[in-house]
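my_file.csv follows; it contains CSV, C-alpha atoms.
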chain,number,residue,atom,x,y,z
I,141,MET,CA,120.8,120.3,124.6
I,142,ARG,CA,120.5,120.4,120.9
I,143,PRO,CA,117.0,119.7,119.6
I,144,ALA,CA,115.9,116.2,118.5
I,145,VAL,CA,113.5,114.8,116.0
I,146,ILE,CA,111.8,111.5,116.6
I,147,TYR,CA,110.2,109.6,113.7
I,148,VAL,CA,107.6,106.9,114.2
I,149,HIS,CA,107.0,104.9,111.0
I,150,GLY,CA,103.6,103.4,110.0
I,151,ASN,CA,102.1,100.1,108.8
I,152,GLY,CA,103.9,97.3,107.0
I,153,ASN,CA,107.5,96.2,106.6
I,154,LYS,CA,110.2,98.7,106.0
I,155,VAL,CA,113.7,99.0,104.6
I,156,ARG,CA,116.5,98.9,107.3
I,157,ALA,CA,116.3,101.6,110.0
I,158,GLU,CA,119.3,103.7,108.8
I,159,LEU,CA,118.0,104.0,105.3
I,160,LEU,CA,114.4,104.7,106.4
I,161,LYS,CA,115.6,107.5,108.7
I,162,SER,CA,117.6,109.0,105.9
I,163,GLN,CA,114.6,108.9,103.5
I,164,TRP,CA,112.5,110.8,106.0
I,165,ASP,CA,115.3,113.3,106.7
I,166,ARG,CA,115.7,114.1,103.1
I,167,ALA,CA,112.0,114.5,102.5
I,168,LEU,CA,111.4,116.7,105.5
I,169,PHE,CA,114.7,118.7,105.8
I,170,GLY,CA,116.3,118.2,102.4
I,171,THR,CA,119.4,116.6,103.9
I,172,ASP,CA,120.5,113.7,106.2
I,173,MET,CA,120.2,115.0,109.7
I,174,ALA,CA,122.7,112.6,111.3
I,175,GLY,CA,122.3,112.5,115.1
I,176,VAL,CA,119.6,115.2,115.2
I,177,SER,CA,116.9,112.7,114.2
I,178,ARG,CA,116.1,109.2,115.3
I,179,MET,CA,113.8,106.5,113.9
I,180,ALA,CA,111.5,104.6,116.3
I,181,TYR,CA,111.9,101.4,114.2
I,182,TRP,CA,109.4,98.8,115.3
I,183,ALA,CA,109.0,96.9,112.0
I,184,PRO,CA,111.1,93.9,113.3
I,185,LEU,CA,108.4,93.2,115.9
I,186,ARG,CA,106.1,92.3,113.1
I,187,TYR,CA,108.4,91.2,110.2
I,188,ASP,CA,111.3,88.8,110.0
I,189,ALA,CA,113.6,90.8,107.8
I,190,PRO,CA,113.6,94.4,106.4
I,191,LEU,CA,112.7,95.1,102.8
I,192,PRO,CA,115.7,95.2,100.4
I,193,ASP,CA,117.2,98.6,100.0
I,194,ASP,CA,116.1,98.8,96.4
I,195,ARG,CA,112.5,98.0,97.1
I,196,PRO,CA,110.5,100.9,98.4
I,197,ASP,CA,107.6,100.1,100.7
I,198,PRO,CA,104.5,99.3,98.5
I,199,LEU,CA,102.2,100.5,101.2
I,200,ASP,CA,103.7,104.0,100.7
I,201,GLY,CA,102.6,103.8,97.1
I,202,ARG,CA,105.8,103.0,95.3
I,203,GLU,CA,107.3,99.8,94.0
I,204,ALA,CA,110.8,99.2,92.5
I,205,GLY,CA,110.6,99.3,88.7
I,206,GLY,CA,107.5,101.5,88.6
I,207,VAL,CA,104.1,100.6,87.2
I,208,GLU,CA,105.2,97.2,85.8
I,209,GLU,CA,105.7,95.8,89.3
I,210,MET,CA,102.4,97.2,90.8
I,211,PRO,CA,99.9,94.6,92.0
I,212,GLN,CA,98.2,92.8,89.1
I,213,PRO,CA,94.5,93.3,88.4
I,214,VAL,CA,92.3,91.5,91.0
I,215,ALA,CA,89.2,89.4,90.2
I,216,ALA,CA,85.9,91.1,90.7
I,217,GLU,CA,85.2,90.6,94.4
I,218,PRO,CA,82.3,92.5,96.2
I,219,PRO,CA,83.6,94.8,98.9
I,220,GLU,CA,81.7,92.8,101.6
I,221,GLU,CA,83.6,89.7,100.7
I,222,PHE,CA,86.9,91.5,100.8
I,223,VAL,CA,86.1,93.0,104.2
I,224,ALA,CA,85.0,89.7,105.6
I,225,ARG,CA,88.2,88.0,104.4
I,226,ALA,CA,90.4,90.8,105.7
I,227,LEU,CA,88.6,90.6,109.1
I,228,GLY,CA,89.1,86.9,109.3
I,229,GLU,CA,92.8,87.1,108.5
I,230,ALA,CA,93.3,89.8,111.1
I,231,TRP,CA,91.6,87.8,113.8
I,232,PHE,CA,93.6,84.7,112.9
I,233,GLU,CA,96.9,86.7,113.1
I,234,SER,CA,95.9,87.9,116.5
I,235,GLY,CA,95.5,84.4,117.7
I,236,GLY,CA,91.7,84.6,118.1
I,237,ALA,CA,88.7,83.5,116.2
I,238,ALA,CA,86.7,85.8,114.0
I,239,PRO,CA,83.2,86.6,115.1
I,240,GLU,CA,80.7,84.0,113.9
I,241,GLY,CA,78.2,84.5,111.2
I,242,PRO,CA,78.2,86.9,108.2
I,243,TRP,CA,80.1,90.2,108.6
I,244,THR,CA,77.9,93.0,109.8
I,245,GLY,CA,80.4,95.6,111.0
I,246,GLY,CA,78.8,95.4,114.4
I,247,GLU,CA,80.0,95.1,118.0
I,248,GLY,CA,82.0,92.0,117.3
I,249,ASP,CA,84.2,93.7,114.8
I,250,PRO,CA,85.8,96.6,116.7
I,251,LEU,CA,87.5,98.2,113.7
I,252,GLY,CA,85.1,96.8,111.0
I,253,GLY,CA,83.4,100.0,110.2
I,254,TRP,CA,86.7,101.7,109.4
I,255,LEU,CA,87.7,98.7,107.2
I,256,ARG,CA,84.4,98.9,105.4
I,257,ASP,CA,84.7,102.7,104.8
I,258,MET,CA,88.3,102.4,103.6
I,259,THR,CA,87.3,99.6,101.2
I,260,TYR,CA,84.4,101.5,99.7
I,261,LEU,CA,86.4,104.7,99.3
I,262,ALA,CA,89.2,102.6,97.7
I,263,ASP,CA,86.8,101.2,95.1
I,264,THR,CA,85.3,104.6,94.4
I,265,LEU,CA,88.8,106.0,93.7
I,266,ALA,CA,89.8,103.0,91.6
I,267,GLU,CA,86.7,103.1,89.4
I,268,SER,CA,86.0,106.8,88.8
I,269,THR,CA,87.1,110.4,89.0
I,270,VAL,CA,85.4,112.2,91.8
I,271,SER,CA,85.8,115.5,93.5
I,272,ALA,CA,87.8,115.7,96.7
I,273,GLY,CA,84.6,116.4,98.6
I,274,SER,CA,83.0,113.2,97.3
I,275,ALA,CA,86.1,111.3,98.2
I,276,GLY,CA,86.0,112.5,101.7
I,277,ASN,CA,82.4,111.4,102.0
I,278,ALA,CA,82.5,108.1,100.3
I,279,GLY,CA,81.2,105.1,102.2
I,280,SER,CA,80.3,106.6,105.6
I,281,GLY,CA,78.9,110.1,105.2
I,282,ARG,CA,81.9,111.5,107.3
I,283,ASN,CA,83.5,114.8,106.7
I,284,PRO,CA,80.1,116.3,105.6
I,285,ASP,CA,81.6,119.7,104.5
I,286,GLY,CA,84.2,118.0,102.3
I,287,PRO,CA,87.6,119.5,101.5
I,288,PRO,CA,87.6,122.6,99.3
I,289,GLY,CA,88.0,122.3,95.5
I,290,GLY,CA,88.1,119.4,93.2
I,291,VAL,CA,91.0,116.9,93.1
I,292,PRO,CA,91.3,114.2,90.4
I,293,ALA,CA,90.8,110.9,92.2
I,294,GLU,CA,93.5,108.9,90.6
I,295,ALA,CA,96.4,109.6,88.2
I,296,LEU,CA,98.0,106.2,88.4
I,297,PRO,CA,98.3,105.0,84.7
I,298,LEU,CA,96.7,101.6,85.3
I,299,PRO,CA,93.3,100.2,84.5
I,300,ALA,CA,90.7,100.3,87.2
I,301,PRO,CA,91.1,96.6,88.4
I,302,ALA,CA,94.9,97.2,88.9
I,303,ARG,CA,94.3,100.5,90.7
I,304,LYS,CA,91.8,98.6,92.9
I,305,ALA,CA,94.6,96.1,93.7
I,306,VAL,CA,96.9,98.9,94.7
I,307,PHE,CA,94.3,100.4,97.0
I,308,ARG,CA,93.1,97.2,98.5
I,309,THR,CA,96.7,96.2,99.3
I,310,LEU,CA,96.9,99.4,101.4
I,311,VAL,CA,93.5,98.8,103.0
I,312,LYS,CA,94.2,95.2,104.0
I,313,TYR,CA,97.7,95.6,105.4
I,314,THR,CA,97.0,98.9,107.1
I,315,PHE,CA,94.0,97.3,108.9
I,316,LYS,CA,95.9,94.2,109.9
I,317,ASP,CA,98.8,96.1,111.6
I,318,VAL,CA,96.4,98.4,113.4
I,319,HIS,CA,94.4,95.4,114.5
I,320,ALA,CA,97.5,93.7,115.7
I,321,TYR,CA,98.4,96.9,117.7
I,322,PHE,CA,95.1,97.1,119.5
I,323,PHE,CA,94.0,93.4,119.7
I,324,GLY,CA,97.0,91.2,118.8
I,325,GLY,CA,99.3,91.8,121.7
I,326,ALA,CA,101.7,94.0,119.8
I,327,GLY,CA,100.8,97.3,121.2
I,328,ASP,CA,103.1,97.6,124.3
I,329,ALA,CA,106.2,96.3,122.5
I,330,ILE,CA,105.7,98.8,119.7
I,331,ARG,CA,105.2,101.6,122.3
I,332,GLU,CA,108.3,100.5,124.1
I,333,VAL,CA,110.4,101.2,121.0
I,334,VAL,CA,109.1,104.8,121.0
I,335,ARG,CA,109.7,105.2,124.8
I,336,ALA,CA,113.3,104.1,124.3
I,337,GLU,CA,113.9,106.7,121.6
I,338,LEU,CA,112.4,109.4,123.7
I,339,ALA,CA,114.5,108.3,126.7
I,340,ALA,CA,117.7,108.6,124.6
I,341,VAL,CA,117.1,112.3,124.1
I,342,GLU,CA,115.8,113.1,127.5
I,343,GLY,CA,115.7,116.9,128.1
I,344,ALA,CA,116.1,117.8,124.4
I,345,PRO,CA,113.7,120.2,122.7
I,346,LEU,CA,111.6,117.8,120.8
I,347,ILE,CA,109.8,117.4,117.4
I,348,VAL,CA,107.9,114.1,117.0
I,349,VAL,CA,106.6,113.0,113.6
I,350,GLY,CA,104.3,110.0,113.2
I,351,HIS,CA,102.9,108.5,110.0
I,352,SER,CA,99.8,106.3,109.8
I,353,LEU,CA,99.8,103.7,112.6
I,354,GLY,CA,103.0,105.5,113.8
I,355,SER,CA,100.8,108.5,114.7
I,356,ILE,CA,98.7,106.4,117.0
I,357,VAL,CA,101.7,104.9,118.7
I,358,ALA,CA,103.4,108.3,119.1
I,359,TYR,CA,100.2,109.8,120.4
I,360,GLU,CA,99.7,107.2,123.0
I,361,VAL,CA,103.3,107.3,124.2
I,362,LEU,CA,103.3,111.1,124.5
I,363,THR,CA,100.0,110.9,126.4
I,364,GLU,CA,101.4,108.3,128.8
I,365,LEU,CA,104.7,110.1,129.4
I,366,GLU,CA,103.5,113.7,129.3
I,367,ARG,CA,106.8,114.4,127.6
I,368,GLU,CA,107.3,118.1,126.8
I,369,THR,CA,107.2,118.3,123.0
I,370,GLU,CA,107.5,121.5,120.9
I,371,LEU,CA,105.7,120.1,117.9
I,372,PHE,CA,103.8,116.9,117.2
I,373,VAL,CA,103.3,116.2,113.5
I,374,THR,CA,100.9,113.5,112.3
I,375,VAL,CA,100.5,112.7,108.6
I,376,GLY,CA,98.1,110.2,107.0
I,377,SER,CA,96.8,109.6,110.5
I,378,PRO,CA,93.6,107.6,111.5
I,379,LEU,CA,93.4,109.3,114.9
I,380,ALA,CA,90.2,111.1,113.8
I,381,VAL,CA,88.5,107.8,113.0
I,382,THR,CA,85.8,106.9,115.6
I,383,GLU,CA,86.7,103.2,115.8
I,384,VAL,CA,90.3,104.1,116.5
I,385,GLN,CA,89.4,106.7,119.1
I,386,ASP,CA,87.2,104.1,120.9
I,387,HIS,CA,90.3,102.0,121.6
I,388,LEU,CA,92.8,104.6,122.8
I,389,ALA,CA,94.0,104.1,126.3
I,390,GLU,CA,92.8,107.6,127.3
I,391,PRO,CA,90.0,109.8,126.0
I,392,PRO,CA,91.1,111.9,123.0
I,393,ALA,CA,93.0,115.1,124.0
I,394,VAL,CA,96.2,116.8,123.1
I,395,PRO,CA,98.9,115.1,125.1
I,396,ALA,CA,99.7,117.3,128.1
I,397,GLY,CA,103.3,118.1,127.1
I,398,VAL,CA,102.6,118.9,123.5
I,399,ARG,CA,102.7,122.6,122.7
I,400,SER,CA,101.5,122.4,119.1
I,401,TRP,CA,100.0,119.7,117.0
I,402,LEU,CA,100.1,119.8,113.1
I,403,ASN,CA,97.9,117.1,111.4
I,404,ALA,CA,98.1,116.8,107.6
I,405,SER,CA,96.1,114.5,105.3
I,406,ASP,CA,95.2,114.1,101.7
I,407,PRO,CA,91.4,113.9,101.2
I,408,ARG,CA,92.0,110.8,99.0
I,409,ASP,CA,94.1,109.0,101.7
I,410,LEU,CA,92.2,105.8,102.6
I,411,VAL,CA,93.8,105.6,106.1
I,412,ALA,CA,93.1,109.1,107.2
I,413,LEU,CA,89.5,108.6,106.4
I,414,ASP,CA,88.5,111.5,108.7
I,415,HIS,CA,90.6,114.6,108.4
I,416,THR,CA,90.0,116.9,111.4
I,417,LEU,CA,91.4,116.3,114.8
I,418,ARG,CA,90.8,119.8,116.1
I,419,PRO,CA,87.1,119.3,117.2
I,420,GLU,CA,87.8,116.0,119.0
I,421,TYR,CA,91.2,116.6,120.7
I,422,PRO,CA,91.0,119.5,123.1
I,423,PRO,CA,92.3,122.1,123.6
I,424,ALA,CA,91.5,123.0,120.0
I,425,GLU,CA,93.8,126.0,119.9
I,426,ARG,CA,96.8,123.7,120.0
I,427,VAL,CA,95.7,121.7,116.9
I,428,THR,CA,96.0,122.6,113.3
I,429,ASP,CA,94.4,120.4,110.6
I,430,LEU,CA,95.7,120.7,107.0
I,431,LEU,CA,94.4,119.2,103.8
I,432,VAL,CA,97.3,118.7,101.5
I,433,SER,CA,98.0,117.0,98.2
I,434,ASN,CA,99.8,113.6,98.4
I,435,ASP,CA,100.4,112.4,94.9
I,436,SER,CA,102.0,109.0,95.7
I,437,ASP,CA,100.1,106.3,93.9
I,438,ASN,CA,97.8,105.5,96.8
I,439,HIS,CA,97.9,109.1,98.3
I,440,HIS,CA,99.3,107.8,101.6
I,441,GLY,CA,103.1,107.8,100.9
I,442,ILE,CA,105.3,109.2,103.6
I,443,VAL,CA,107.8,111.0,101.3
I,444,GLU,CA,105.1,113.0,99.6
I,445,TYR,CA,103.7,114.0,103.0
I,446,LEU,CA,107.0,115.1,104.4
I,447,ALA,CA,108.0,116.9,101.2
I,448,ASN,CA,104.9,119.0,101.2
I,449,PRO,CA,105.8,122.7,101.9
I,450,GLN,CA,102.9,123.1,104.3
I,451,VAL,CA,104.5,120.4,106.4
I,452,ASN,CA,108.2,120.8,106.1
I,453,GLU,CA,108.4,124.5,106.3
I,454,VAL,CA,106.9,124.4,109.8
I,455,CYS,CA,109.4,121.8,110.9
I,456,ARG,CA,112.4,123.5,109.3
I,457,ARG,CA,111.6,126.9,110.8
I,458,LEU,CA,111.0,125.4,114.3
I,459,LEU,CA,114.2,123.3,114.2
I,460,ASP,CA,116.2,126.3,113.2
I,461,ARG,CA,114.7,128.3,116.1
I,462,LEU,CA,115.3,125.6,118.6
I,463,ALA,CA,118.9,125.1,117.4
I,464,ALA,CA,119.6,128.8,117.8
I,465,GLY,CA,118.4,128.6,121.4
Could you show the structure in this file as structure tokens?
Amino acid sequence: MRPAVIYVHGNGNKVRAELLKSQWDRALFGTDMAGVSRMAYWAPLRYDAPLPDDRPDPLDGREAGGVEEMPQPVAAEPPEEFVARALGEAWFESGGAAPEGPWTGGEGDPLGGWLRDMTYLADTLAESTVSAGSAGNAGSGRNPDGPPGGVPAEALPLPAPARKAVFRTLVKYTFKDVHAYFFGGAGDAIREVVRAELAAVEGAPLIVVGHSLGSIVAYEVLTELERETELFVTVGSPLAVTEVQDHLAEPPAVPAGVRSWLNASDPRDLVALDHTLRPEYPPAERVTDLLVSNDSDNHHGIVEYLANPQVNEVCRRLLDRLAAG
């Protein structure tokens, strides 16, 4: 059989499936891949209608019309209040009640620590220019070695309050979709979309690409099915975050059928708050962690990840080899 590429998109609403697949194709391979690639399109499970074709996903760091349509500056709100409000909204969407009392990030808030750390890093990036190492350590003390070199924290030509609005939009809606996946009853239906796409290419040599929440979904399905996969690519992934690992169906490990796993993240990406999977997902020799530059406005955008030569050259070379047999 000819090889197949399965994409699993991340948080938030998306443009229609055909257009989204084409955008990923062109970023990763430089051309529309027609029937070679398939998009596991689960957005309709969470959103009533797709985004208009001319409105790129704001959670990927782009808005139609450019800077003028970016979120407006937000009122000064302490991070603790933002976190408490986001937690409350997530619990409400899940049909439950938020833990009583002031937010503490404790046992009653299973993902609260990650939300807190994303928020503090977002505000750090919005307010100042820091080294990439400092960005990796903001909020939680994680990633103690820090990524190499210095990277300007933010190039978006907006005042700090508006940059904060951009980042907090990413934090809030990323958290809410991940919360819905683990605690709001959405998980199995989302996984079923991925299972169906894998079943449609049964027996084909396989590359699977997951972004953000999509990397969690793809990981759990590949672990469950033990599907033979030549390459698993995760970009902007929170799979290294402890709070996420705590709620995986199985202990962290490379899925049994995955021959090679490439994990790429930007040190300024709020979602990929921890950047190394290799120490936590054995066997380590099958995992490669890459720090890359993602210059979308919030450093999480999928097009910028897939267009990075350190990511797409690996995928292109492998697909050519698989196609040649």
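For the choices I:Arg186, I:Arg166, I:Arg461, I:Arg142, the atom-to-atom distance to Lys316 (chain I) is smallest for I:Arg186 when using all atoms listed in the file.
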Could you tell me how far CA of Glu342 (chain I) lies from CA of Leu362 (chain I), in Å and to one decimal? 13.0 Å
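If all atoms listed in the file are the atoms counted, then among I:Leu255, I:Leu402, I:Ala358, I:Leu413 the closest residue to His319 (chain I) is I:Leu255.
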Residues of region 391-413 of chain I that have any atom at most 8 Å from an atom of region 420-438 of chain I: could you tabulate them with the shortest-distance atom pair and the distance in Å to one decimal, using all atoms listed in the file, ordered by chain and increasing number, as JSON lines?
{"residue": "I:Pro392", "atom": "CA", "partner": "I:Tyr421", "partner_atom": "CA", "distance": 5.2}
{"residue": "I:Ala393", "atom": "CA", "partner": "I:Tyr421", "partner_atom": "CA", "distance": 4.0}
{"residue": "I:Val394", "atom": "CA", "partner": "I:Tyr421", "partner_atom": "CA", "distance": 5.5}
{"residue": "I:Arg399", "atom": "CA", "partner": "I:Arg426", "partner_atom": "CA", "distance": 6.6}
{"residue": "I:Ser400", "atom": "CA", "partner": "I:Arg426", "partner_atom": "CA", "distance": 5.0}
{"residue": "I:Trp401", "atom": "CA", "partner": "I:Val427", "partner_atom": "CA", "distance": 4.7}
{"residue": "I:Leu402", "atom": "CA", "partner": "I:Thr428", "partner_atom": "CA", "distance": 5.0}
{"residue": "I:Asn403", "atom": "CA", "partner": "I:Asp429", "partner_atom": "CA", "distance": 4.9}
{"residue": "I:Ala404", "atom": "CA", "partner": "I:Leu430", "partner_atom": "CA", "distance": 4.6}
{"residue": "I:Ser405", "atom": "CA", "partner": "I:Leu431", "partner_atom": "CA", "distance": 5.2}
{"residue": "I:Asp406", "atom": "CA", "partner": "I:Val432", "partner_atom": "CA", "distance": 5.1}
{"residue": "I:Pro407", "atom": "CA", "partner": "I:Leu431", "partner_atom": "CA", "distance": 6.6}
{"residue": "I:Asp409", "atom": "CA", "partner": "I:Asn438", "partner_atom": "CA", "distance": 7.1}
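If you measure from each of I:Ala144, I:Leu227, I:Leu346, I:Val361 to Arg178 (chain I) using all atoms listed in the file, the closest one turns out to be I:Ala144.
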Which is closest to Ser234 (chain I) among I:Ala320, I:Ala463, I:Val357, I:Val411, if we use only C-alpha atoms? I:Ala320
Between I:Val381, I:Asp197, I:Gly325, I:Leu168, which one has atoms that come closest to Arg457 (chain I), using only C-alpha atoms? I:Leu168
Find the residues near Leu185 (chain I): any atom within 9 Å, counting only C-alpha atoms, skip ones fewer than 6 places away on the same chain, and give them as a PyMOL selection string. chain I and resi 326+329-330
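Proximity to Thr171 (chain I) was assessed for I:Val334, I:Ala302, I:Ala447, I:Leu261 counting all atoms listed in the file; the smallest distance is recorded for I:Ala447.
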